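Printed here is coords09.txt (compact mmCIF, C-alpha atoms (C1' of nucleotides)):
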```txt
# COMPACT_ATOMS: atom_id res chain seq x y z
CA MET A 1 -100.18 -78.62 38.55
CA SER A 2 -102.50 -76.75 40.87
CA LEU A 3 -100.22 -75.73 43.73
CA PRO A 4 -98.49 -72.84 41.91
CA HIS A 5 -101.90 -71.51 40.89
CA ALA A 6 -103.23 -71.84 44.41
CA ILE A 7 -100.27 -69.78 45.58
CA LEU A 8 -100.75 -67.18 42.85
CA THR A 9 -104.40 -66.83 43.87
CA ALA A 10 -103.47 -66.43 47.52
CA LEU A 11 -100.77 -63.87 46.72
CA LEU A 12 -103.12 -61.86 44.52
CA GLU A 13 -105.62 -61.74 47.34
CA LYS A 14 -102.80 -60.47 49.56
CA PRO A 15 -98.99 -60.40 49.20
CA SER A 16 -97.51 -62.63 51.87
CA SER A 17 -94.43 -64.40 53.19
CA GLY A 18 -94.02 -68.16 53.11
CA LEU A 19 -95.17 -68.62 56.66
CA GLU A 20 -98.18 -66.38 56.19
CA LEU A 21 -99.11 -68.45 53.14
CA THR A 22 -98.69 -71.62 55.16
CA ARG A 23 -101.11 -70.25 57.76
CA ARG A 24 -103.62 -69.36 55.07
CA PHE A 25 -103.29 -72.84 53.61
CA ASP A 26 -104.30 -74.19 57.00
CA ARG A 27 -107.65 -72.46 56.60
CA SER A 28 -109.28 -70.75 53.64
CA ILE A 29 -107.49 -71.91 50.49
CA GLY A 30 -106.32 -75.06 52.24
CA TYR A 31 -109.90 -76.24 52.70
CA PHE A 32 -109.78 -77.46 49.11
CA TRP A 33 -106.07 -77.35 48.32
CA SER A 34 -103.82 -78.22 51.22
CA ALA A 35 -100.08 -77.71 51.24
CA THR A 36 -97.24 -77.93 53.76
CA HIS A 37 -94.68 -75.20 54.32
CA GLN A 38 -92.04 -77.29 52.53
CA GLN A 39 -94.14 -77.41 49.40
CA ILE A 40 -94.88 -73.73 49.63
CA TYR A 41 -91.27 -72.55 49.99
CA ARG A 42 -90.13 -74.77 47.15
CA GLU A 43 -92.92 -73.53 44.91
CA LEU A 44 -92.26 -69.89 45.83
CA GLY A 45 -88.68 -70.40 44.68
CA ARG A 46 -89.83 -71.81 41.36
CA LEU A 47 -92.40 -69.09 40.79
CA GLU A 48 -89.76 -66.45 41.48
CA THR A 49 -87.28 -68.12 39.11
CA ASP A 50 -89.98 -68.28 36.44
CA GLY A 51 -90.67 -64.57 36.83
CA LEU A 52 -94.28 -64.99 37.95
CA ILE A 53 -93.77 -63.46 41.39
CA ARG A 54 -91.11 -61.34 43.05
CA ALA A 55 -89.91 -60.74 46.57
CA LEU A 56 -91.01 -57.38 47.91
CA PRO A 57 -87.91 -55.20 48.19
CA ALA A 58 -86.93 -54.94 51.84
CA GLU A 59 -83.32 -56.15 51.88
CA GLN A 60 -83.55 -59.81 53.00
CA PRO A 61 -80.49 -61.86 53.91
CA SER A 62 -81.03 -65.52 53.14
CA ARG A 63 -82.32 -67.25 56.22
CA GLY A 64 -84.52 -66.50 59.19
CA GLN A 65 -85.62 -63.22 57.69
CA LYS A 66 -89.16 -62.67 56.60
CA LYS A 67 -89.56 -62.44 52.85
CA SER A 68 -92.84 -61.31 51.27
CA TYR A 69 -93.86 -61.93 47.68
CA GLU A 70 -96.19 -60.26 45.24
CA VAL A 71 -97.54 -61.44 41.88
CA LEU A 72 -96.06 -59.97 38.70
CA PRO A 73 -98.17 -59.33 35.56
CA ALA A 74 -96.84 -62.55 34.01
CA GLY A 75 -98.12 -64.42 37.06
CA ARG A 76 -101.57 -62.92 36.79
CA ASP A 77 -101.67 -63.81 33.09
CA GLU A 78 -100.65 -67.38 33.82
CA LEU A 79 -103.35 -67.70 36.46
CA ALA A 80 -106.00 -66.34 34.07
CA ARG A 81 -104.84 -68.75 31.38
CA TRP A 82 -104.98 -71.71 33.76
CA THR A 83 -108.38 -70.73 35.10
CA ALA A 84 -109.87 -70.63 31.62
CA ALA A 85 -108.16 -73.80 30.34
CA SER A 86 -110.22 -76.94 30.03
CA GLN A 87 -109.26 -79.57 32.62
CA ASP A 88 -110.50 -83.09 33.11
CA PRO A 89 -111.77 -83.95 36.55
CA LYS A 90 -109.21 -86.03 38.40
CA PRO A 91 -110.31 -89.48 39.56
CA HIS A 92 -111.34 -89.62 43.20
CA ARG A 93 -109.40 -91.42 45.87
CA ASP A 94 -111.26 -91.99 49.09
CA PRO A 95 -109.63 -94.31 51.63
CA LEU A 96 -112.74 -94.44 53.83
CA LEU A 97 -114.94 -95.79 51.06
CA LEU A 98 -112.18 -98.21 50.21
CA ARG A 99 -112.14 -99.40 53.82
CA LEU A 100 -115.87 -100.05 53.74
CA ARG A 101 -115.45 -102.02 50.57
CA ALA A 102 -112.68 -104.01 52.26
CA ALA A 103 -114.90 -104.49 55.32
CA ALA A 104 -117.47 -106.09 53.04
CA VAL A 105 -114.87 -108.80 52.45
CA VAL A 106 -112.90 -109.14 55.71
CA GLY A 107 -115.52 -107.97 58.18
CA THR A 108 -116.34 -104.76 60.04
CA ALA A 109 -114.47 -105.49 63.26
CA GLY A 110 -112.90 -102.33 64.67
CA LEU A 111 -114.35 -100.03 62.05
CA GLU A 112 -117.22 -98.46 63.95
CA ALA A 113 -115.11 -96.39 66.34
CA ASP A 114 -113.23 -94.75 63.51
CA LEU A 115 -116.44 -94.00 61.63
CA ARG A 116 -117.70 -92.18 64.73
CA ARG A 117 -114.46 -90.25 64.91
CA HIS A 118 -114.76 -89.24 61.26
CA LEU A 119 -118.33 -88.17 61.89
CA GLN A 120 -117.15 -85.88 64.68
CA LEU A 121 -114.42 -84.39 62.50
CA HIS A 122 -116.86 -83.69 59.68
CA GLU A 123 -119.36 -82.17 62.11
CA ARG A 124 -116.64 -79.85 63.41
CA GLN A 125 -115.61 -78.83 59.90
CA LEU A 126 -119.23 -78.19 58.98
CA ALA A 127 -119.69 -75.98 62.03
CA GLU A 128 -116.53 -74.05 61.10
CA TYR A 129 -117.74 -73.49 57.55
CA ARG A 130 -121.11 -72.28 58.84
CA GLU A 131 -119.41 -69.80 61.12
CA ILE A 132 -117.40 -68.49 58.21
CA GLU A 133 -120.56 -68.16 56.15
CA GLU A 134 -122.33 -66.20 58.87
CA ARG A 135 -119.33 -63.94 59.35
CA ASP A 136 -118.24 -63.35 55.75
CA PHE A 137 -121.45 -63.73 53.77
CA PRO A 138 -124.32 -62.20 55.71
CA PRO A 139 -127.66 -62.17 53.85
CA GLY A 140 -127.72 -59.48 51.19
CA ARG A 141 -125.99 -58.83 47.91
CA ASP A 142 -122.53 -60.17 47.14
CA GLY A 143 -120.18 -58.64 44.61
CA THR A 144 -118.98 -60.85 41.76
CA GLY A 145 -115.88 -62.00 43.56
CA ASP A 146 -117.83 -62.51 46.78
CA ARG A 147 -120.49 -64.46 44.92
CA LEU A 148 -117.87 -66.90 43.62
CA ARG A 149 -116.17 -67.22 46.97
CA HIS A 150 -119.54 -67.84 48.58
CA LEU A 151 -120.26 -70.51 45.98
CA VAL A 152 -117.00 -72.26 46.85
CA LEU A 153 -117.85 -72.12 50.55
CA ARG A 154 -121.29 -73.57 49.80
CA ALA A 155 -119.56 -76.51 48.12
CA GLY A 156 -117.61 -77.09 51.32
CA ILE A 157 -120.74 -76.85 53.46
CA ASP A 158 -122.74 -79.18 51.22
CA LEU A 159 -119.94 -81.73 51.03
CA GLU A 160 -119.52 -81.81 54.80
CA THR A 161 -123.29 -82.07 55.16
CA PHE A 162 -123.26 -85.04 52.83
CA TRP A 163 -120.50 -86.78 54.78
CA THR A 164 -122.17 -86.30 58.16
CA GLN A 165 -125.42 -87.71 56.80
CA TRP A 166 -123.72 -90.57 55.05
CA LEU A 167 -121.68 -91.52 58.12
CA ARG A 168 -124.78 -91.44 60.35
CA ARG A 169 -126.50 -93.71 57.90
CA ALA A 170 -123.51 -96.04 57.81
CA LEU A 171 -123.40 -96.19 61.61
CA GLU A 172 -127.06 -97.17 61.73
CA ASP A 173 -125.94 -100.40 60.09
CA PHE A 174 -123.41 -101.14 62.89
CA PRO A 175 -123.03 -103.69 64.38
CA GLY A 176 -125.88 -104.39 62.04
CA PRO A 177 -128.80 -106.75 61.95
CA PRO A 178 -127.79 -110.41 62.04
CA GLU A 179 -126.62 -111.74 58.72
CA GLY A 180 -129.07 -113.58 56.50
CA MET B 1 -100.77 -96.55 51.53
CA SER B 2 -104.14 -97.55 50.15
CA LEU B 3 -103.29 -99.02 46.77
CA PRO B 4 -102.00 -102.38 48.08
CA HIS B 5 -105.16 -102.70 50.18
CA ALA B 6 -107.36 -101.82 47.24
CA ILE B 7 -105.65 -104.61 45.30
CA LEU B 8 -105.99 -107.07 48.17
CA THR B 9 -109.71 -106.31 48.36
CA ALA B 10 -110.12 -106.79 44.63
CA LEU B 11 -108.19 -110.05 44.66
CA LEU B 12 -110.21 -111.39 47.59
CA GLU B 13 -113.38 -110.64 45.69
CA LYS B 14 -111.89 -112.58 42.78
CA PRO B 15 -108.36 -113.76 41.92
CA SER B 16 -107.21 -111.92 38.81
CA SER B 17 -104.35 -111.07 36.52
CA GLY B 18 -102.83 -107.60 36.28
CA LEU B 19 -104.88 -106.66 33.26
CA GLU B 20 -108.10 -107.92 34.77
CA LEU B 21 -107.38 -105.84 37.85
CA THR B 22 -106.71 -102.84 35.64
CA ARG B 23 -110.11 -103.31 34.02
CA ARG B 24 -111.78 -103.55 37.39
CA PHE B 25 -110.00 -100.39 38.51
CA ASP B 26 -111.59 -98.67 35.53
CA ARG B 27 -115.00 -99.35 37.05
CA SER B 28 -116.07 -100.68 40.44
CA ILE B 29 -113.10 -100.22 42.80
CA GLY B 30 -111.68 -97.47 40.61
CA TYR B 31 -114.73 -95.29 41.26
CA PHE B 32 -113.13 -94.32 44.56
CA TRP B 33 -109.56 -95.55 44.15
CA SER B 34 -108.16 -95.21 40.65
CA ALA B 35 -104.94 -96.81 39.48
CA THR B 36 -103.12 -97.31 36.20
CA HIS B 37 -101.77 -100.63 34.99
CA GLN B 38 -98.22 -99.50 35.74
CA GLN B 39 -99.07 -98.90 39.37
CA ILE B 40 -100.89 -102.21 39.58
CA TYR B 41 -98.09 -104.35 38.16
CA ARG B 42 -95.53 -102.67 40.39
CA GLU B 43 -97.69 -103.20 43.46
CA LEU B 44 -98.45 -106.82 42.54
CA GLY B 45 -94.72 -107.41 42.48
CA ARG B 46 -94.29 -105.88 45.93
CA LEU B 47 -97.23 -107.78 47.40
CA GLU B 48 -95.83 -111.03 46.06
CA THR B 49 -92.36 -110.25 47.43
CA ASP B 50 -93.90 -109.47 50.81
CA GLY B 51 -95.72 -112.78 50.84
CA LEU B 52 -99.23 -111.29 50.89
CA ILE B 53 -100.29 -112.73 47.54
CA ARG B 54 -99.00 -115.43 45.22
CA ALA B 55 -99.23 -116.19 41.52
CA LEU B 56 -101.58 -119.03 40.76
CA PRO B 57 -99.49 -122.00 39.63
CA ALA B 58 -99.79 -122.39 35.86
CA GLU B 59 -96.20 -122.28 34.63
CA GLN B 60 -95.74 -118.66 33.51
CA PRO B 61 -92.74 -117.50 31.47
CA SER B 62 -91.88 -113.88 32.22
CA ARG B 63 -93.53 -111.70 29.65
CA GLY B 64 -96.70 -111.62 27.60
CA GLN B 65 -98.17 -114.55 29.52
CA LYS B 66 -101.17 -114.07 31.69
CA LYS B 67 -100.42 -114.37 35.40
CA SER B 68 -103.19 -114.56 37.99
CA TYR B 69 -102.80 -113.85 41.68
CA GLU B 70 -104.61 -114.90 44.81
CA VAL B 71 -104.45 -113.54 48.36
CA LEU B 72 -102.55 -115.51 50.99
CA PRO B 73 -103.65 -115.66 54.66
CA ALA B 74 -101.03 -113.03 55.55
CA GLY B 75 -102.61 -110.75 52.96
CA ARG B 76 -106.08 -111.19 54.39
CA ASP B 77 -104.74 -110.48 57.89
CA GLU B 78 -103.01 -107.32 56.70
CA LEU B 79 -106.21 -106.12 55.02
CA ALA B 80 -108.25 -106.76 58.16
CA ARG B 81 -105.64 -104.92 60.25
CA TRP B 82 -105.67 -101.94 57.88
CA THR B 83 -109.46 -101.83 57.73
CA ALA B 84 -109.74 -101.65 61.50
CA ALA B 85 -106.88 -99.18 62.02
CA SER B 86 -107.72 -95.58 62.81
CA GLN B 87 -106.91 -93.24 59.94
CA ASP B 88 -107.14 -89.49 59.69
CA PRO B 89 -109.11 -88.14 56.77
CA LYS B 90 -106.76 -86.78 54.12
CA PRO B 91 -107.16 -83.12 53.20
CA HIS B 92 -109.17 -82.52 50.07
CA ARG B 93 -107.70 -81.26 46.83
CA ASP B 94 -110.20 -80.03 44.32
CA PRO B 95 -108.83 -78.17 41.31
CA LEU B 96 -112.28 -77.04 40.18
CA LEU B 97 -113.03 -75.25 43.43
CA LEU B 98 -109.56 -73.76 43.25
CA ARG B 99 -110.29 -72.47 39.77
CA LEU B 100 -113.46 -70.77 40.98
CA ARG B 101 -111.53 -69.16 43.76
CA ALA B 102 -108.97 -67.98 41.20
CA ALA B 103 -111.78 -66.73 38.97
CA ALA B 104 -112.94 -64.57 41.85
CA VAL B 105 -109.60 -62.76 41.46
CA VAL B 106 -108.74 -62.85 37.75
CA GLY B 107 -112.21 -63.08 36.26
CA THR B 108 -114.45 -65.80 34.91
CA ALA B 109 -113.57 -65.51 31.21
CA GLY B 110 -113.52 -68.94 29.54
CA LEU B 111 -114.67 -70.83 32.60
CA GLU B 112 -118.32 -71.40 31.78
CA ALA B 113 -117.77 -73.89 28.94
CA ASP B 114 -115.66 -76.13 31.14
CA LEU B 115 -118.19 -76.01 33.96
CA ARG B 116 -120.83 -77.22 31.48
CA ARG B 117 -118.53 -80.00 30.41
CA HIS B 118 -117.95 -81.05 34.00
CA LEU B 119 -121.69 -81.02 34.58
CA GLN B 120 -122.15 -83.41 31.67
CA LEU B 121 -119.45 -85.73 32.95
CA HIS B 122 -121.00 -85.84 36.43
CA GLU B 123 -124.44 -86.45 34.96
CA ARG B 124 -123.09 -89.39 33.01
CA GLN B 125 -121.36 -90.82 36.07
CA LEU B 126 -124.53 -90.42 38.10
CA ALA B 127 -126.55 -92.25 35.44
CA GLU B 128 -123.98 -95.05 35.44
CA TYR B 129 -124.13 -95.41 39.22
CA ARG B 130 -127.92 -95.52 39.10
CA GLU B 131 -127.84 -98.29 36.51
CA ILE B 132 -125.48 -100.26 38.73
CA GLU B 133 -127.79 -99.75 41.68
CA GLU B 134 -130.82 -100.98 39.73
CA ARG B 135 -128.93 -103.97 38.45
CA ASP B 136 -126.99 -105.04 41.56
CA PHE B 137 -129.17 -103.84 44.41
CA PRO B 138 -132.81 -104.35 43.53
CA PRO B 139 -135.26 -103.49 46.34
CA GLY B 140 -135.32 -106.19 48.99
CA ARG B 141 -132.88 -107.53 51.57
CA ASP B 142 -129.12 -107.23 51.20
CA GLY B 143 -126.66 -109.53 52.92
CA THR B 144 -124.03 -107.90 55.17
CA GLY B 145 -121.43 -107.61 52.42
CA ASP B 146 -124.05 -106.40 49.99
CA ARG B 147 -125.31 -103.85 52.49
CA LEU B 148 -121.82 -102.35 52.82
CA ARG B 149 -121.23 -102.37 49.07
CA HIS B 150 -124.60 -100.71 48.57
CA LEU B 151 -123.66 -98.08 51.14
CA VAL B 152 -120.48 -97.31 49.21
CA LEU B 153 -122.43 -97.03 45.99
CA ARG B 154 -124.90 -94.67 47.68
CA ALA B 155 -121.94 -92.44 48.60
CA GLY B 156 -121.02 -92.30 44.92
CA ILE B 157 -124.59 -91.53 43.89
CA ASP B 158 -125.01 -88.83 46.50
CA LEU B 159 -121.67 -87.21 45.70
CA GLU B 160 -122.43 -87.07 41.99
CA THR B 161 -125.87 -85.71 42.80
CA PHE B 162 -124.24 -83.00 44.86
CA TRP B 163 -121.85 -82.05 42.07
CA THR B 164 -124.54 -81.85 39.40
CA GLN B 165 -126.65 -79.65 41.64
CA TRP B 166 -123.73 -77.46 42.63
CA LEU B 167 -122.56 -77.02 39.05
CA ARG B 168 -126.06 -76.09 37.89
CA ARG B 169 -126.22 -73.53 40.65
CA ALA B 170 -122.80 -72.19 39.69
CA LEU B 171 -123.83 -71.89 36.04
CA GLU B 172 -126.89 -69.89 37.01
CA ASP B 173 -124.44 -67.21 38.04
CA PHE B 174 -122.79 -67.14 34.59
CA PRO B 175 -122.17 -64.78 32.88
CA GLY B 176 -123.79 -63.37 35.96
CA PRO B 177 -125.71 -60.27 36.88
CA PRO B 178 -123.74 -57.07 36.27
CA GLU B 179 -121.21 -56.31 38.96
CA GLY B 180 -122.19 -53.96 41.76
C1' DA C 1 -76.11 -67.91 78.35
C1' DA C 2 -80.02 -70.86 77.49
C1' DT C 3 -84.23 -71.52 75.59
C1' DC C 4 -88.30 -70.66 72.92
C1' DT C 5 -90.64 -69.17 68.84
C1' DC C 6 -90.61 -67.33 64.22
C1' DA C 7 -89.15 -68.08 59.68
C1' DT C 8 -86.93 -70.32 55.93
C1' DG C 9 -85.06 -73.89 54.15
C1' DT C 10 -82.60 -79.14 52.77
C1' DA C 11 -82.82 -84.09 52.20
C1' DA C 12 -84.73 -88.40 51.60
C1' DG C 13 -88.41 -91.21 50.63
C1' DT C 14 -93.13 -92.57 48.75
C1' DA C 15 -96.88 -92.38 45.54
C1' DG C 16 -98.63 -91.34 41.24
C1' DT C 17 -98.11 -90.03 36.15
C1' DT C 18 -96.51 -90.32 31.43
C1' DA C 19 -94.02 -92.38 27.85
C1' DC C 20 -92.19 -96.19 26.01
C1' DA C 21 -90.73 -101.37 25.28
C1' DT C 22 -91.61 -106.20 24.34
C1' DG C 23 -93.45 -110.85 24.15
C1' DA C 24 -97.70 -113.68 22.99
C1' DT C 25 -101.98 -114.42 20.62
C1' DT C 26 -105.48 -113.62 17.19
C1' DA C 27 -107.28 -111.86 12.80
C1' DT C 28 -106.62 -110.72 7.86
C1' DA D 1 -96.41 -112.34 6.75
C1' DT D 2 -98.42 -108.36 8.66
C1' DA D 3 -101.01 -106.03 11.66
C1' DA D 4 -103.84 -105.51 15.69
C1' DT D 5 -104.59 -106.58 20.26
C1' DC D 6 -103.64 -108.74 24.68
C1' DA D 7 -100.61 -108.74 28.49
C1' DT D 8 -96.75 -107.50 31.25
C1' DG D 9 -93.44 -104.76 32.19
C1' DT D 10 -89.22 -100.50 32.53
C1' DA D 11 -87.78 -95.79 32.95
C1' DA D 12 -88.08 -91.15 33.91
C1' DC D 13 -90.46 -87.66 35.96
C1' DT D 14 -93.50 -84.90 39.05
C1' DA D 15 -95.98 -84.17 43.30
C1' DC D 16 -96.40 -84.93 47.90
C1' DT D 17 -94.80 -86.38 52.65
C1' DT D 18 -91.81 -86.78 56.62
C1' DA D 19 -87.88 -85.73 59.12
C1' DC D 20 -84.46 -82.73 60.06
C1' DA D 21 -81.39 -78.25 59.91
C1' DT D 22 -80.45 -73.42 60.74
C1' DG D 23 -80.59 -68.51 61.32
C1' DA D 24 -82.84 -64.45 63.79
C1' DG D 25 -85.27 -62.29 67.37
C1' DA D 26 -87.56 -62.41 71.88
C1' DT D 27 -87.89 -64.22 76.74
C1' DT D 28 -86.02 -65.80 81.17
```

I need this file expressed as C-alpha cells, please.
Amino acid sequence: MSLPHAILTALLEKPSSGLELTRRFDRSIGYFWSATHQQIYRELGRLETDGLIRALPAEQPSRGQKKSYEVLPAGRDELARWTAASQDPKPHRDPLLLRLRAAAVVGTAGLEADLRRHLQLHERQLAEYREIEERDFPPGRDGTGDRLRHLVLRAGIDLETFWTQWLRRALEDFPGPPEG
Amino acid sequence: MSLPHAILTALLEKPSSGLELTRRFDRSIGYFWSATHQQIYRELGRLETDGLIRALPAEQPSRGQKKSYEVLPAGRDELARWTAASQDPKPHRDPLLLRLRAAAVVGTAGLEADLRRHLQLHERQLAEYREIEERDFPPGRDGTGDRLRHLVLRAGIDLETFWTQWLRRALEDFPGPPEG
DNA sequence: AATCTCATGTAAGTAGTTACATGATTAT
DNA sequence: ATAATCATGTAACTACTTACATGAGATT
C-alpha cells in the first residue's frame, strides 16, 4: 500500500494534476516507486473519496480538463502515520539474477548481449543520478529535508554503482574459461 | 512472467513436490524470487497443463498425498528460450526509500526505530549469505554452473552490504543536527 | 474540417497476497 | 481418540499492466 503515500508525498511537495504527477513519476519519485497514469488517476479518485486530498477549485467539467489536487490535513496525518509505522522489508524479486541462476542449468547461450544492454542502461541511470546530485546538492550544508532527499539519491547512486560493477564482473566470465 | 521459470529452474536442479519447492523458495531461489505455496501450487498446475512438467508416476490420489514433478523437454526448451530473451529491467519499488522521501516532508518522528530494525534484518541476511558462501564456494576453482551460482550469491552479499552501510549512514543523521 | 497533442479516464487481464479448507500421516 | 503436522489445495481480494476510449484545445 505504498502508491497512495507516494502520491501524497508528491502532492505535498507540490499540488499537481494527474498528468503532472505522471511526469514526476517518470523521474524523481518514480526512481524508487514507479506508476503509470492509469494507476495514478485511479488512486487520485480513491484519495479524494477518502477525504485525503481535494481538487483545487477551478470549475472542472469531467473530461479533458486539467484538474489539480492538494493534500488535506487528514492526508498529511495519514502520511505521517504511515511513515512512522513499522514495516517489514518486502522480499526481493530480481528477474536478472533469476536468469543467471537458470543459465547455470540450461546454459548461457544468448545471455551476454542482454547483460551488456543492462550494463548500458545502468550506466545511463547512474550518470543521470550524478547530474541530479551535482545540480540539486552542491557541496555545502543541506537542510533537514534536503539531507534526507540527498540520502535517498545516494541510495540510487550506490545501487546503480553496484549494478554496473556487478555486471562488468559477470561479463568477464563470458563466454568464460573452458569448463572443467 | 518469472515465476514459472523460477519453478522450472528449481525443478531442473532437483525434481520436487510443491511443499519441497516452497521450502526451497524460502531460501536459495527465494532470495531473489520469493513465492508462497499458493502461488507455487497454482503454477505447478499450469505448467503441467501446458506440458512443461509432469508429475512423477507414483499413483497419487488428489489431496494430502505428496506429488513430485519433473521438467519435460518442452519445459527445458522454454527455460532456455526465456533465459536468452532480451528483457527490460523492471522499475524499482522500494517502500523504505519512499518513506524517507515522505519523512523529508512530514518529519522523521518514529522512523528511527524501524531503520534500526531494518539494519538488523539486513545484517542477519548478510551473515547468512556469507555462511552459504563459505560452505558452498570454498576458495578454489568453480565449475561453470558453480561460477554463475557464486556470481548470483555475490550479488546478494554485495546488495546486503550496501543496505547495511546505507542504513548506518542514514542513522547517523538521526535525530540529526538541529535544522538550519 | 482534419489532425495532433494534452488530459483524463474505462476495461480487461495477470500476478501476487491473505485467509481459509481438507485429506493424510505421525505422535501422545 | 485426539491433536499436531505434513501436504495440497480453493476463494477472495488487491495491485499492477496493457490496451483502448474520449473530450478539449491547438495547429494546418

Give me, as CSV, each residue of stretch 41-103 of chain B that comes within 12 Å of stretch 10-14 of chain A, together with its shortest interatomic pair and the distance in Å at one decimal, counting all atoms listed in the file, with rows ordered by chain and rising residue number.
```
residue,atom,partner,partner_atom,distance
B:Leu98,CA,A:Ala10,CA,10.4
B:Arg99,CA,A:Ala10,CA,12.0
B:Arg101,CA,A:Ala10,CA,9.3
B:Ala102,CA,A:Ala10,CA,8.5
B:Ala103,CA,A:Leu12,CA,11.4
```

Residues proximal to (-82.6, -81.2, 58.1) were defined as those with any atom within 8 Å of that point in the file's coordinates, counting all atoms listed in the file. Which are they, as a compact mmCIF listing (two decimals) with C-alpha atoms (C1' of nucleotides), in the frame of the given file?
```
# COMPACT_ATOMS: atom_id res chain seq x y z
C1' DT C 10 -82.60 -79.14 52.77
C1' DA C 11 -82.82 -84.09 52.20
C1' DA D 19 -87.88 -85.73 59.12
C1' DC D 20 -84.46 -82.73 60.06
C1' DA D 21 -81.39 -78.25 59.91
```

Which residues come within 6 Å of stretch 109-124 of chain B, counting only C-alpha atoms (C1' of nucleotides), excluding same-chain residues fewer than 3 positions away, as a PyMOL selection string?
(chain A and resi 84+86) or (chain B and resi 127+160+164)

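Across the structure, atom C1' of D:DA24 and atom CA of A:Leu19 are spaced 14.8 Å apart.
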
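The gap separating atom CA of A:Leu151 from atom CA of A:Ile132 is 12.7 Å, in Å to one decimal.
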